[in-house]
$ cat entry_24.txt   # compact mmCIF, C-alpha atoms
# COMPACT_ATOMS: atom_id res chain seq x y z
CA MET S 13 169.51 78.82 65.86
CA CYS S 14 171.03 78.52 69.33
CA GLN S 15 174.21 80.52 69.84
CA THR S 16 177.03 78.38 71.13
CA CYS S 17 180.30 79.08 72.84
CA PRO S 18 183.11 78.32 70.36
CA LYS S 19 185.21 76.76 73.12
CA SER S 20 182.76 74.71 75.12
CA GLY S 21 180.06 74.10 72.52
CA THR S 22 177.42 74.73 75.15
CA CYS S 23 174.37 76.86 74.67
CA ALA S 24 174.92 80.58 75.32
CA LYS S 25 171.23 80.91 76.14
CA LYS S 26 171.16 78.17 78.74
CA GLY S 27 168.07 78.18 80.87
CA ARG S 28 165.75 79.58 78.23
CA ASP S 29 163.06 77.33 76.85
CA ASN S 30 163.31 76.57 73.17
CA PRO S 31 160.17 77.84 71.47
CA HIS S 32 159.64 74.51 69.78
CA ASP S 33 159.56 72.70 73.11
CA GLN S 34 156.11 74.14 73.66
CA PRO S 35 152.91 72.85 72.07
CA GLY S 36 152.21 75.45 69.43
CA GLY S 37 149.56 76.41 66.97
CA LYS S 38 149.45 75.63 63.28
CA HIS S 39 152.38 76.41 61.03
CA LYS S 40 152.95 76.31 57.32
CA PHE S 41 155.83 74.53 55.71
CA ALA S 42 158.47 76.99 54.55
CA SER S 43 159.87 74.97 51.70
CA LYS S 44 158.95 72.53 48.96
CA ASP S 45 156.05 74.85 48.07
CA CYS S 46 153.97 73.05 50.67
CA THR S 47 151.17 75.29 51.87
CA ARG S 48 148.99 72.98 53.88
CA ASN S 49 148.73 73.35 57.63
CA HIS S 50 150.60 70.92 59.80
CA ARG S 51 148.69 68.03 61.28
CA SER S 52 147.34 68.62 64.76
CA GLY S 53 148.79 65.36 66.07
CA ALA S 54 145.44 64.08 67.38
CA PRO S 55 145.75 60.55 68.74
CA GLU S 56 144.71 57.61 66.65
CA LYS S 57 141.96 55.31 67.69
CA SER S 58 143.63 52.29 69.28
CA GLN S 59 143.32 49.75 71.15
CA GLY S 60 156.06 52.98 109.83
CA PRO S 61 158.35 50.19 109.92
CA SER S 62 161.71 50.30 111.63
CA VAL S 63 163.55 49.20 108.52
CA ARG S 64 164.34 52.09 106.25
CA PHE S 65 166.16 52.94 103.04
CA GLY S 66 167.28 56.42 104.02
CA SER S 67 169.09 58.07 106.87
CA ARG S 68 168.96 61.59 108.22
CA GLY S 69 172.46 61.15 109.56
CA LYS S 70 175.56 63.11 108.76
CA ASN S 71 177.22 62.55 105.40
CA SER S 72 179.62 59.67 105.64
CA ALA S 73 181.61 60.59 102.57
CA PRO S 74 181.93 63.37 100.01
CA SER S 75 179.45 63.28 97.18
CA TRP S 76 180.38 61.92 93.81
CA SER S 77 178.55 60.81 90.73
CA HIS S 78 179.06 59.66 87.17
CA SER S 79 178.16 61.74 84.19
CA GLY S 80 176.21 58.86 82.67
CA ARG S 81 178.13 59.14 79.42
CA ASN S 82 178.81 56.07 77.37
CA ARG S 83 182.35 55.27 78.36
CA SER S 84 182.53 52.33 75.99
CA SER S 85 181.45 54.39 72.99
CA ALA S 86 183.70 54.65 69.98
CA TYR S 87 182.46 58.12 69.07
CA GLY S 88 185.20 60.20 67.57
CA ARG S 89 187.84 57.47 67.66
CA ASN S 90 187.44 56.05 64.15
CA THR S 91 187.37 52.53 65.61
CA ARG S 92 183.90 51.64 64.38
CA LYS S 93 183.60 48.65 62.09
CA PRO S 94 181.75 49.34 58.84
CA LEU S 95 178.08 48.50 59.17
CA ASP S 96 176.45 46.03 56.84
CA TYR S 97 173.56 48.12 55.50
CA SER S 98 171.89 45.03 54.07
CA LYS S 99 170.90 44.16 57.67
CA PHE S 100 168.76 47.31 57.70
CA ILE S 101 166.50 45.99 54.94
CA LYS S 102 163.73 43.60 55.90
CA LYS S 103 160.08 43.45 54.99
CA ALA S 104 157.59 43.11 57.82
CA SER S 105 155.89 39.74 58.10
CA ARG S 106 152.20 39.48 57.49
CA VAL S 107 150.24 38.83 60.66
CA SER S 108 149.21 35.43 59.35
CA ASP S 109 152.89 34.48 58.92
CA VAL S 110 153.69 34.95 62.62
CA GLU S 111 152.92 32.05 64.94
CA GLU S 112 150.67 33.24 67.75
CA TYR S 113 151.87 32.48 71.26
CA VAL S 114 149.46 30.46 73.39
CA ALA S 115 149.85 31.48 77.04
CA LYS S 116 149.75 28.88 79.81
CA HIS S 117 148.26 31.34 82.28
CA LYS S 118 146.03 34.35 82.56
CA PHE S 119 146.80 37.23 84.88
CA SER S 120 143.81 36.18 86.96
CA ASP S 121 145.55 32.81 87.56
CA PHE S 122 148.57 34.30 89.32
CA ALA S 123 148.68 33.92 93.13
CA VAL S 124 148.56 37.62 93.99
CA ALA S 125 146.34 39.73 96.25
CA ASP S 126 142.86 40.57 95.02
CA LYS S 127 143.46 44.33 95.13
CA LEU S 128 146.52 43.86 92.92
CA LYS S 129 144.46 41.76 90.52
CA ARG S 130 141.92 44.59 90.33
CA ASN S 131 144.65 47.06 89.31
CA ILE S 132 145.99 44.59 86.76
CA ARG S 133 142.52 44.26 85.22
CA ALA S 134 142.12 48.04 85.24
CA ARG S 135 145.28 48.25 83.13
CA GLY S 136 143.67 45.97 80.57
CA TYR S 137 146.05 43.09 81.26
CA GLU S 138 144.42 39.73 80.57
CA THR S 139 146.83 37.42 78.76
CA PRO S 140 150.54 37.50 79.66
CA THR S 141 153.29 37.90 77.09
CA PRO S 142 155.73 34.94 76.79
CA ILE S 143 158.25 36.42 79.25
CA GLN S 144 155.48 37.27 81.72
CA ASP S 145 153.90 33.86 81.36
CA GLY S 146 157.18 32.05 82.00
CA ALA S 147 158.82 34.26 84.63
CA ILE S 148 156.08 35.68 86.90
CA PRO S 149 155.27 32.31 88.59
CA LEU S 150 158.99 31.79 89.31
CA VAL S 151 159.42 35.27 90.79
CA LEU S 152 156.28 34.73 92.91
CA ASP S 153 157.89 31.53 94.22
CA GLY S 154 160.89 33.57 95.40
CA ARG S 155 163.39 32.25 92.86
CA ASP S 156 166.24 34.27 91.46
CA VAL S 157 165.45 34.77 87.78
CA ILE S 158 167.34 35.74 84.65
CA GLY S 159 164.86 37.02 82.06
CA ILE S 160 166.14 37.18 78.50
CA ALA S 161 163.78 38.79 76.02
CA ASP S 162 163.69 41.55 73.45
CA THR S 163 162.78 45.10 74.36
CA GLY S 164 159.06 45.85 74.42
CA THR S 165 158.01 42.38 75.60
CA GLY S 166 156.59 43.39 79.00
CA LYS S 167 159.55 42.68 81.29
CA THR S 168 158.62 45.48 83.71
CA ALA S 169 155.45 43.71 84.84
CA VAL S 170 157.46 40.52 85.43
CA PHE S 171 159.19 42.03 88.43
CA LEU S 172 156.73 44.71 89.55
CA ILE S 173 153.71 42.47 90.05
CA PRO S 174 155.46 39.90 92.31
CA LEU S 175 157.35 42.60 94.26
CA ILE S 176 154.18 44.59 94.91
CA ASN S 177 152.52 41.40 96.09
CA LYS S 178 155.45 40.81 98.48
CA VAL S 179 155.01 44.30 99.94
CA ILE S 180 151.26 43.78 100.34
CA LYS S 181 151.95 40.67 102.42
CA ASP S 182 154.84 42.25 104.35
CA PRO S 183 155.14 46.08 104.28
CA ARG S 184 158.70 45.79 105.65
CA GLN S 185 159.89 44.40 102.32
CA LYS S 186 162.29 46.69 100.42
CA ALA S 187 163.19 46.60 96.74
CA LEU S 188 165.97 48.30 94.78
CA ILE S 189 165.45 48.59 91.03
CA ILE S 190 168.47 49.67 88.96
CA ALA S 191 167.96 50.98 85.42
CA PRO S 192 170.55 52.27 82.93
CA THR S 193 168.76 55.49 81.95
CA ARG S 194 166.65 58.15 83.62
CA GLU S 195 163.85 57.61 81.15
CA LEU S 196 163.63 53.90 81.93
CA ALA S 197 163.71 54.56 85.69
CA THR S 198 160.88 57.07 85.31
CA GLN S 199 158.87 54.64 83.22
CA ILE S 200 159.29 51.86 85.80
CA ASP S 201 158.18 54.23 88.58
CA THR S 202 155.10 55.22 86.57
CA GLU S 203 154.21 51.55 86.07
CA LEU S 204 154.73 50.85 89.77
CA ARG S 205 152.36 53.65 90.78
CA SER S 206 149.73 52.33 88.39
CA PHE S 207 149.92 48.71 89.58
CA SER S 208 149.99 49.75 93.28
CA HIS S 209 147.28 52.41 93.10
CA GLY S 210 145.42 52.77 96.40
CA MET S 211 147.77 50.48 98.35
CA ARG S 212 149.92 53.02 100.22
CA ILE S 213 153.05 51.69 98.59
CA PHE S 214 155.69 54.36 98.16
CA SER S 215 158.68 54.81 95.87
CA VAL S 216 161.51 57.26 95.26
CA GLN S 217 163.23 57.91 91.96
CA CYS S 218 166.98 58.38 92.39
CA ILE S 219 168.18 59.68 89.04
CA GLY S 220 170.72 62.21 87.86
CA GLY S 221 169.59 65.57 86.54
CA ALA S 222 166.87 65.81 89.19
CA ASN S 223 166.84 67.55 92.56
CA ILE S 224 168.91 65.40 94.92
CA ASP S 225 167.57 67.13 98.07
CA ARG S 226 164.05 66.08 97.11
CA GLN S 227 165.28 62.52 96.62
CA ILE S 228 166.96 62.58 100.06
CA ARG S 229 163.69 63.76 101.64
CA GLY S 230 161.88 60.95 99.85
CA LEU S 231 164.33 58.36 101.17
CA SER S 232 163.83 59.64 104.72
CA ARG S 233 160.13 58.70 104.46
CA ASN S 234 160.95 55.00 104.36
CA PRO S 235 159.74 53.98 100.85
CA GLN S 236 159.34 50.36 99.90
CA PHE S 237 160.83 50.92 96.44
CA VAL S 238 163.91 52.81 95.32
CA ILE S 239 164.21 53.09 91.54
CA GLY S 240 167.25 54.74 90.04
CA THR S 241 170.34 54.91 87.88
CA PRO S 242 173.73 53.61 89.07
CA GLY S 243 175.48 56.99 89.31
CA ARG S 244 172.87 58.70 91.48
CA ILE S 245 172.31 55.63 93.68
CA ASN S 246 176.05 55.43 94.36
CA ASP S 247 176.10 59.16 95.06
CA LEU S 248 173.37 58.81 97.69
CA ILE S 249 175.19 55.87 99.29
CA LYS S 250 178.42 57.88 99.52
CA ARG S 251 176.49 60.73 101.12
CA GLY S 252 175.16 58.33 103.74
CA LYS S 253 171.55 58.92 102.66
CA LEU S 254 170.88 55.46 101.23
CA ARG S 255 171.70 52.19 102.94
CA LEU S 256 171.19 48.85 101.25
CA GLY S 257 171.85 46.46 104.12
CA ASN S 258 168.14 45.86 104.64
CA VAL S 259 167.08 45.40 101.01
CA GLN S 260 165.55 41.98 100.41
CA ASN S 261 164.90 42.36 96.65
CA VAL S 262 166.99 43.73 93.80
CA VAL S 263 166.22 44.12 90.11
CA VAL S 264 168.83 44.99 87.49
CA ASP S 265 166.99 45.91 84.31
CA GLU S 266 168.53 46.12 80.82
CA VAL S 267 171.82 44.60 81.99
CA ASP S 268 173.26 44.64 78.47
CA ARG S 269 172.69 48.38 78.29
CA MET S 270 174.51 48.76 81.62
CA LEU S 271 177.49 47.11 79.97
CA ASP S 272 177.21 49.29 76.85
CA MET S 273 177.16 52.45 78.95
CA GLY S 274 180.10 51.43 81.12
CA PHE S 275 178.04 50.98 84.29
CA ILE S 276 178.91 47.37 85.08
CA VAL S 277 181.58 48.37 87.65
CA ASP S 278 179.05 50.64 89.37
CA VAL S 279 176.43 47.87 89.39
CA ARG S 280 178.93 45.43 90.90
CA GLU S 281 179.63 47.89 93.70
CA LEU S 282 175.94 48.45 94.38
CA LEU S 283 175.19 44.73 94.52
CA SER S 284 178.09 44.21 96.95
CA PHE S 285 176.28 46.43 99.51
CA LEU S 286 173.24 44.14 99.56
CA PRO S 287 172.70 41.34 102.11
CA GLN S 288 173.40 37.78 101.02
CA SER S 289 169.82 36.73 101.71
CA ARG S 290 167.75 38.39 98.99
CA GLN S 291 165.87 37.76 95.76
CA SER S 292 167.82 38.88 92.69
CA LEU S 293 166.23 39.46 89.28
CA PHE S 294 168.20 40.27 86.13
CA PHE S 295 166.68 41.25 82.78
CA SER S 296 168.45 41.68 79.48
CA ALA S 297 167.97 41.28 75.76
CA THR S 298 171.34 39.53 75.43
CA VAL S 299 173.78 37.87 77.85
CA SER S 300 177.50 38.19 77.13
CA GLY S 301 180.30 36.51 79.06
CA GLU S 302 180.82 39.55 81.30
CA ILE S 303 177.10 39.79 82.06
CA SER S 304 176.94 36.07 82.80
CA THR S 305 179.83 36.42 85.28
CA LEU S 306 178.07 39.32 87.01
CA ILE S 307 174.84 37.36 87.35
CA ARG S 308 176.54 34.20 88.65
CA THR S 309 178.39 36.26 91.28
CA PHE S 310 175.29 38.00 92.62
CA SER S 311 172.53 35.40 92.33
CA ASN S 312 171.62 32.13 93.99
CA ASN S 313 170.85 29.21 91.70
CA PRO S 314 168.94 31.41 89.21
CA VAL S 315 166.37 30.11 86.76
CA THR S 316 166.74 31.41 83.21
CA VAL S 317 163.64 32.24 81.21
CA ALA S 318 164.70 32.94 77.64
CA ILE S 319 162.23 34.00 75.00
CA LYS S 320 163.28 33.33 71.44
CA SER S 321 164.62 36.51 69.90
CA THR S 322 163.45 37.56 66.48
CA VAL S 323 166.60 39.78 66.23
CA THR S 324 164.38 42.52 64.86
CA SER S 325 160.66 42.63 65.29
CA ASP S 326 158.72 40.78 62.62
CA ASN S 327 156.23 43.62 62.34
CA ILE S 328 158.76 46.36 61.51
CA ASP S 329 159.25 47.19 57.84
CA GLN S 330 162.95 48.10 57.50
CA ASP S 331 164.69 49.87 54.65
CA ILE S 332 167.52 52.28 53.84
CA VAL S 333 167.31 55.72 52.26
CA ARG S 334 170.33 56.74 50.19
CA VAL S 335 171.29 60.42 50.44
CA ARG S 336 174.18 62.53 49.16
CA GLY S 337 175.27 65.63 51.04
CA SER S 338 173.75 67.40 54.03
CA ARG S 339 171.40 69.55 51.93
CA ASN S 340 169.96 66.54 50.14
CA LYS S 341 169.67 64.76 53.50
CA ILE S 342 167.46 67.38 55.18
CA GLU S 343 165.32 67.79 52.06
CA THR S 344 164.84 64.03 51.86
CA LEU S 345 163.78 63.97 55.50
CA HIS S 346 161.36 66.84 54.83
CA ASP S 347 159.79 64.99 51.89
CA LEU S 348 159.21 61.96 54.13
CA LEU S 349 157.75 63.84 57.08
CA VAL S 350 155.07 65.63 55.02
CA GLN S 351 153.57 62.30 54.01
CA ASP S 352 150.30 61.45 55.73
CA ASP S 353 151.39 58.08 57.13
CA PHE S 354 154.30 59.61 59.09
CA ARG S 355 151.97 60.31 62.00
CA LYS S 356 154.36 59.89 64.94
CA VAL S 357 158.07 59.84 64.19
CA LEU S 358 161.15 59.25 66.33
CA ILE S 359 164.36 60.49 64.66
CA PHE S 360 167.78 59.42 65.95
CA GLY S 361 170.92 61.51 65.59
CA LYS S 362 174.49 60.89 66.69
CA THR S 363 175.44 63.98 68.70
CA LYS S 364 173.67 66.26 71.16
CA ARG S 365 174.44 69.38 69.12
CA GLY S 366 173.39 67.70 65.90
CA VAL S 367 170.08 66.57 67.38
CA GLU S 368 169.31 70.06 68.71
CA ARG S 369 170.24 71.64 65.37
CA LEU S 370 168.04 69.21 63.43
CA SER S 371 165.08 69.75 65.76
CA LYS S 372 165.32 73.52 65.32
CA GLU S 373 165.61 73.19 61.54
CA LEU S 374 162.47 71.04 61.41
CA HIS S 375 160.66 73.54 63.63
CA THR S 376 161.64 76.33 61.23
CA ARG S 377 160.09 74.29 58.42
CA GLY S 378 156.80 74.13 60.32
CA PHE S 379 156.96 70.71 61.92
CA LYS S 380 155.83 70.18 65.50
CA THR S 381 159.00 68.81 66.99
CA THR S 382 161.13 68.69 70.11
CA SER S 383 164.36 66.99 71.18
CA ILE S 384 165.88 65.03 74.03
CA HIS S 385 169.59 64.56 74.68
CA GLY S 386 172.11 64.58 77.49
CA ASP S 387 172.53 68.37 77.64
CA LYS S 388 168.86 68.89 78.52
CA SER S 389 167.80 68.99 82.15
CA GLN S 390 165.75 66.10 83.42
CA SER S 391 162.65 68.28 83.69
CA LYS S 392 162.94 69.34 80.04
CA ARG S 393 163.53 65.78 78.92
CA GLU S 394 160.42 64.63 80.78
CA LYS S 395 158.42 67.52 79.36
CA ALA S 396 159.53 66.71 75.83
CA LEU S 397 158.52 63.06 76.25
CA GLN S 398 155.12 63.99 77.63
CA LEU S 399 154.43 66.36 74.73
CA PHE S 400 155.36 63.56 72.32
CA LYS S 401 153.39 60.86 74.15
CA GLN S 402 150.29 63.05 74.38
CA ASN S 403 150.45 63.95 70.67
CA HIS S 404 150.98 67.67 71.19
CA LEU S 405 154.06 67.10 69.04
CA ASN S 406 154.42 64.33 66.50
CA ILE S 407 158.20 64.38 65.93
CA LEU S 408 160.87 63.68 68.55
CA VAL S 409 164.56 64.02 67.68
CA ALA S 410 166.88 62.18 70.07
CA THR S 411 170.31 60.79 70.72
CA ASP S 412 170.64 57.16 71.79
CA VAL S 413 169.59 58.20 75.29
CA ALA S 414 166.09 57.47 74.00
CA ALA S 415 166.87 54.08 72.45
CA ARG S 416 166.08 52.32 75.71
CA GLY S 417 163.28 52.83 78.14
CA LEU S 418 160.77 54.59 75.90
CA ASP S 419 157.45 52.77 75.88
CA ILE S 420 155.37 54.65 73.31
CA ASP S 421 153.29 52.13 71.44
CA THR S 422 151.98 54.55 68.80
CA VAL S 423 155.30 55.45 67.11
CA THR S 424 154.68 54.82 63.41
CA HIS S 425 158.23 55.45 62.15
CA VAL S 426 161.78 55.38 63.42
CA ILE S 427 164.27 57.26 61.25
CA ASN S 428 168.00 56.81 61.76
CA TYR S 429 169.06 60.21 60.45
CA ASP S 430 172.60 59.30 61.53
CA PRO S 431 173.53 55.61 61.36
CA PRO S 432 173.87 53.82 64.71
CA GLU S 433 177.28 52.90 66.11
CA SER S 434 176.54 49.18 65.98
CA TYR S 435 173.90 46.70 64.92
CA GLY S 436 172.96 46.27 68.58
CA ASP S 437 172.24 49.99 68.82
CA TYR S 438 170.17 49.67 65.65
CA ILE S 439 168.02 46.96 67.22
CA HIS S 440 167.36 49.09 70.30
CA ARG S 441 166.52 52.16 68.22
CA ILE S 442 164.01 50.53 65.92
CA GLY S 443 162.44 48.70 68.87
CA ARG S 444 160.63 51.97 69.63
CA THR S 445 158.20 51.23 66.78
CA GLY S 446 156.15 48.15 65.94
CA ARG S 447 155.16 47.75 69.59
CA ALA S 448 151.99 46.19 71.03
CA ASN S 449 151.50 44.10 67.85
CA LYS S 450 151.25 47.19 65.65
CA GLN S 451 153.15 47.52 62.41
CA GLY S 452 156.00 50.02 62.26
CA VAL S 453 158.55 51.33 59.80
CA ALA S 454 162.29 51.86 60.32
CA LEU S 455 164.32 53.88 57.81
CA THR S 456 168.09 54.40 57.92
CA PHE S 457 169.82 57.20 56.01
CA VAL S 458 173.08 56.08 54.37
CA ASP S 459 175.53 57.89 52.11
$ encode --input "entry_24.txt" --output "structure tokens"
Amino acid sequence: MCQTCPKSGTCAKKGRDNPHDQPGGKHKFASKDCTRNHRSGAPEKSQGPSVRFGSRGKNSAPSWSHSGRNRSSAYGRNTRKPLDYSKFIKKASRVSDVEEYVAKHKFSDFAVADKLKRNIRARGYETPTPIQDGAIPLVLDGRDVIGIADTGTGKTAVFLIPLINKVIKDPRQKALIIAPTRELATQIDTELRSFSHGMRIFSVQCIGGANIDRQIRGLSRNPQFVIGTPGRINDLIKRGKLRLGNVQNVVVDEVDRMLDMGFIVDVRELLSFLPQSRQSLFFSATVSGEISTLIRTFSNNPVTVAIKSTVTSDNIDQDIVRVRGSRNKIETLHDLLVQDDFRKVLIFGKTKRGVERLSKELHTRGFKTTSIHGDKSQSKREKALQLFKQNHLNILVATDVAARGLDIDTVTHVINYDPPESYGDYIHRIGRTGRANKQGVALTFVD
């Protein structure tokens, strides 16, 4: 186990890689008299312009940034309302019970450049999802759009495809994309690079936990896209390295998560730096009064495209697992994970220390596991996600930092080892499974 400082609670061996963060060989389970080798985790068969973002000039203000912690969280304050565990029980619908959406368009119908269409086809995109079908034509027409749809419905393509097409037609176009988490920003950047392959379209990720000097160098190269989190973007603005006065397009993704994490004030400040003449796109699963006020303030006659929410995905089988005591809890988890159908499992815990402790305990028992949480560097978080995505490891233990922005369509099970803080957090957690029309399972441990 990791030695910790009794005062700070931080790791006394900081900087050393955890052995279970590496793809390892075969292990044997150390308890429950299980002697079979662990599964290998093999994948299943399945389906120069003068305008610039950055400046080489002298810093205009001292640097500052936000920690990215959830300032609206009720952790440790005993203010949480009791959760209704009956909401965590729901059988998945049979495929025949779910009405199939009939799209009005195909991706080949959209008025975008041929080279962009080729990249879209190469990604295997043929028929748009409901939010793509309804919103992409409006964004292509230059309208401000509010997209309301559940997580995992393809919102990223709604704004990337039209914005890339804008840049193809006019390389002086600039876009700022704001995301609540590093993982989501990284995912958006990956999607952008895939859609714009071979087009000499450049982007810079501006996220906390990563080398800021490298980001400053990237901004100085005049990228068309800046993708980042509110704290780091504000930091770069205060340093005089990022200027938004020439940005013609802005996307605020997962606006409800921005509110949950206490970033709305930061987002307001960022949007105030932008010129009045711009295209503004907002995406969220829900729209509260505060979010609605933000959108009205920073958009021009927006069109709302709302896709009917199923509250929780129809193809996720949800249930609770009753446990008593910490020893019974870990043994119950062990008994679940050794079952053959638990092929790729995302486990959520409440605290960073608890998540790290659980990951190490599972590793000791022979499971191929790793963890992601706020105390890990960005490089280690990215490495952990890649190992999980590429099936070198089949168990990922995470805090709610992973509840948004993870697009891994082969997760078979989500396990809430610690209950979520709210039903909204529950929805975001379990949305990591049952993606791309696959069936998933969500289990919540309750006392």
$ closest_residue --input "entry_24.txt" --among "S:Gln185, S:Thr198, S:Gln236, S:Thr305" --to "Gln291 (chain S)" --atoms "only C-alpha atoms"
S:Gln185
$ atom_distance --input "entry_24.txt" --atom1 "CA of Lys181 (chain S)" --atom2 "CA of Ala147 (chain S)"
20.1 Å
$ atom_distance --input "entry_24.txt" --atom1 "CA of Gln144 (chain S)" --atom2 "CA of Ile173 (chain S)"
10.0 Å
$ residues_around --input "entry_24.txt" --residues "Arg441 (chain S)" --least-positions-apart "2" --cutoff "10 Å" --atoms "only C-alpha atoms" --output "list in words"
Leu358, Ile359, Phe360, Thr411, Asp412, Val413, Ala414, Ala415, Arg416, Leu418, Val426, Ile427, Asn428, Pro432, Tyr435, Gly436, Asp437, Tyr438, Ile439, Gly443, Arg444, Thr445 and Ala454 of chain S
$ closest_residue --input "entry_24.txt" --among "S:Leu95, S:Ile200, S:Ile249, S:Ala410" --to "Pro431 (chain S)" --atoms "all atoms listed in the file"
S:Leu95
$ atom_distance --input "entry_24.txt" --atom1 "CA of Val423 (chain S)" --atom2 "CA of Ala169 (chain S)"
21.3 Å
$ residues_around --input "entry_24.txt" --residues "Ile224 (chain S)" --least-positions-apart "4" --cutoff "12 Å" --atoms "all atoms listed in the file" --output "list in words"
Ser75, Ser77, Val216, Gln217, Cys218, Ile219, Gly220, Ile228, Arg229, Gly230, Leu231, Gly240, Arg244, Ile245, Asp247, Leu248, Arg251, Lys253, Leu254 and Gln390 of chain S
$ residues_around --input "entry_24.txt" --residues "Glu203 (chain S)" --least-positions-apart "6" --cutoff "10 Å" --atoms "only C-alpha atoms" --output "list of chain:residue names"
S:Arg135, S:Thr168, S:Ala169, S:Leu172, S:Ile173, S:Ala197, S:His209
$ closest_residue --input "entry_24.txt" --among "S:Phe275, S:Phe295, S:Phe214, S:Phe379" --to "Ala161 (chain S)" --atoms "only C-alpha atoms"
S:Phe295
$ residues_near_point --input "entry_24.txt" --point "(168.7, 44.2, 71.8)" --cutoff "7 Å" --atoms "all atoms listed in the file" --output "VMD selection string"
chain S and resid 162 to 163 297 to 298 436 439 to 440
$ residues_around --input "entry_24.txt" --residues "Arg212 (chain S)" --least-positions-apart "5" --cutoff "10 Å" --atoms "all atoms listed in the file" --output "list in words"
Ile180, Pro183, Arg205, Pro235 and Gln236 of chain S
$ residues_around --input "entry_24.txt" --residues "Gly210 (chain S)" --least-positions-apart "5" --cutoff "10 Å" --atoms "all atoms listed in the file" --output "CSV table (one decimal) with C-alpha atoms, in the coordinates of the input"
chain,number,residue,atom,x,y,z
S,127,LYS,CA,143.5,44.3,95.1
S,128,LEU,CA,146.5,43.9,92.9
S,131,ASN,CA,144.6,47.1,89.3
S,205,ARG,CA,152.4,53.6,90.8
$ closest_residue --input "entry_24.txt" --among "S:Thr424, S:Thr381, S:Gln351, S:Asn327" --to "Lys102 (chain S)" --atoms "all atoms listed in the file"
S:Asn327
$ closest_residue --input "entry_24.txt" --among "S:Asp352, S:Val453, S:Asn246, S:Arg194" --to "Gly386 (chain S)" --atoms "only C-alpha atoms"
S:Arg194
$ closest_residue --input "entry_24.txt" --among "S:Ser208, S:Ile276, S:Phe237, S:Ser371" --to "Asp126 (chain S)" --atoms "only C-alpha atoms"
S:Ser208
